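What follows is a set of notes on a single structure, which appears directly below.
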Amino acid sequence: MPLQLVMDAAVEPLSISDAKLHLRVDIPDDDVLIGAIIAAARRFAENLTQRALISQAWKLVIDSFPGPTLIGVPWGKTFTLPKHAIVLEKSAVRSVSAIRYLDMQGNWQIQPPETYTVDTTSEPCRITPVFGQIWPIPLPQIGAVEVTFTAGYAVPVTFSGDTMTVAPSWQPYLVGDAVQLSNVGGLLPAALSPNTNYFIQSVTASGVYTLAATPGGPAITLIDAGSGTSLVGVVPEGITAWMKLRVGTLYQHREEYFTSEKSGKVLPLPFVDRLLDPYRVVF
């Protein structure tokens, strides 16, 4: 399998308290079980959609660079997957950390970032050499090229004073960029609201930002640091709603089979084996 998970999500997109509210469970006895079911439902959703929900680090291992070609993209086509493009089949890609390859002496070399372009706006993400460049020729050996990247809808952030700090592996923001915030298991800082457009007011250091309520407006004064886990980015509500339904089914039916109340028949749960999909080796 060429796509490898390097670092899993640091937090689940659905809190135990929200899941229990959906399940109408008000005792703590099954909190550990519900937490495990949430993680299983999240992985199930990610496998079905080929997405990462919360920031994850991935590695694509391939035997060689695609191509090479000097032709570029087909003229007149509005969207292409050119033959010399590296395609990252995990969305949404936020940043590419590095592309490295084995040279003819068997040493790992880092491909200079200025020699390739990354289209993180499309799904799947495409990486090609910049115009006038071609991929280098790696050692003709399996696993000779590696691409490490970060993907996800949202990433945990911390608030301190009036600043928001984002992990360095996440995409960098520029002054004026619009962002939305969310929270799992707690509340955002009192001055901020979820699912609301805020704007990068300043970049005080790498990955450290102040926020404004309007483009070019004054920095927002943060009253506290919030609680739970705050995130920049939002996991779509449709996905979290699906997760709640899946958690409900897994919690209600603790076995692979269940008895239909209407027919009295013993029926299999069709999705049970699909829980193994993220771990399946496909040739």
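Residues are named by chain letter and number: chains run A, B, ... in the order of the structure tokens, numbers start at 1 in each chain, and ligands are numbered from 1 in the order shown.
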(request) Could you give me, as a ChimeraX atom specification, the residues within 7 Å of Ser55 of chain A, counting only C-alpha atoms and dropping anything in the same chain fewer than 5 positions from it? (result) /A:9,150-155
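Within 12 Å of Gly185 of chain A, once only C-alpha atoms are used and residues closer than 3 positions along the same chain are dropped, the contacting residues are A:Val11, A:Glu12, A:Pro13, A:Leu14, A:Ser15, A:Ile16, A:Ser17, A:Asp18, A:Ala19, A:Lys20, A:Ser182, A:Leu188, A:Gly226, A:Ser227, A:Gly228, A:Thr229, A:Ser230, A:Leu231.
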(request) Do a neighbour search on segment 250-254 of chain A at 10 Å with only C-alpha atoms, toss out local chain neighbours closer than 6 positions, and write the hits as a ChimeraX atom specification. (result) /A:23,30,33-34,37-38,40-41,244,269,271-272
(request) Using only C-alpha atoms, determine which residues lie at most 12 Å from Arg94 of chain A, disregarding the query and same-chain residues fewer than 4 positions distant; provide the list as a PyMOL selection string. (result) chain A and resi 51-58+88+90+118-125+148-155+167-173+233
(message) Give me the residues near Ala98 of chain A as number ranges by chain, where near means some atom within 12 Å (using only C-alpha atoms) and where sequence neighbours in that chain fewer than 3 positions away do not count.
(response) A: 57-60, 95, 101, 108-116, 118, 127, 145-150, 169
(request) as a PyMOL selection string, list the residues of segment 115-251 of chain A assigned to helix (DSSP H, G or I) by DSSP on the backbone atoms of this structure. (result) chain A and resi 115+237-251
(request) Could you jot down the atom CA of Asp277 of chain A to atom CA of Phe44 of chain A separation for me, Å, one decimal place? (result)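 For atom CA of Asp277 of chain A relative to atom CA of Phe44 of chain A, the distance reads 7.6 Å.
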(request) Work out how far apart atom CA of Asn197 of chain A and atom CA of Ala213 of chain A are and give it in Å to one decimal. (result) 7.5 Å
(request) Select from segment 121-191 of chain A everything DSSP, run on the backbone, classes as strand (DSSP E or B), then give the selection as a PyMOL selection string. (result) chain A and resi 125-129+145-151+154-160+163-166+178-179+181-184
(request) Identify which of the residues A:Met164, A:Ile99, A:Val234, A:Leu3 lies closest to Thr221 of chain A, counting only C-alpha atoms when measuring atom-to-atom distances. (result)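 The answer is A:Met164, which sits nearest to Thr221 of chain A.
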(request) Check the smallest atom-to-atom distance from each of A:Lys77, A:Ala92, A:Gly67, A:Phe159 to Gln133 of chain A using only C-alpha atoms, then report the winner. (result)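 Checking each candidate against Gln133 of chain A, we get A:Gly67 as the closest.
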(request) For each of A:Leu5, A:Val184, A:Val166, A:Val179, take the minimum atom-to-atom distance to Ala205 of chain A, counting only C-alpha atoms, then give the residue where this is smallest. (result) A:Val166
(message) If we count only C-alpha atoms and set the cut-off at 8 Å, which residues sit around Ile62 of chain A, ignoring sequence neighbours fewer than 3 positions away in its own chain? Please answer as a ChimeraX atom specification.
(response) /A:2,65,142-146
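For the pair atom CA of Ser64 of chain A and atom CA of Pro278 of chain A, the separation is 24.7 Å.
Proximity to Glu46 of chain A was assessed for A:Asp8, A:Leu192, A:Phe131, A:Pro66 counting only C-alpha atoms; the smallest distance is recorded for A:Asp8.
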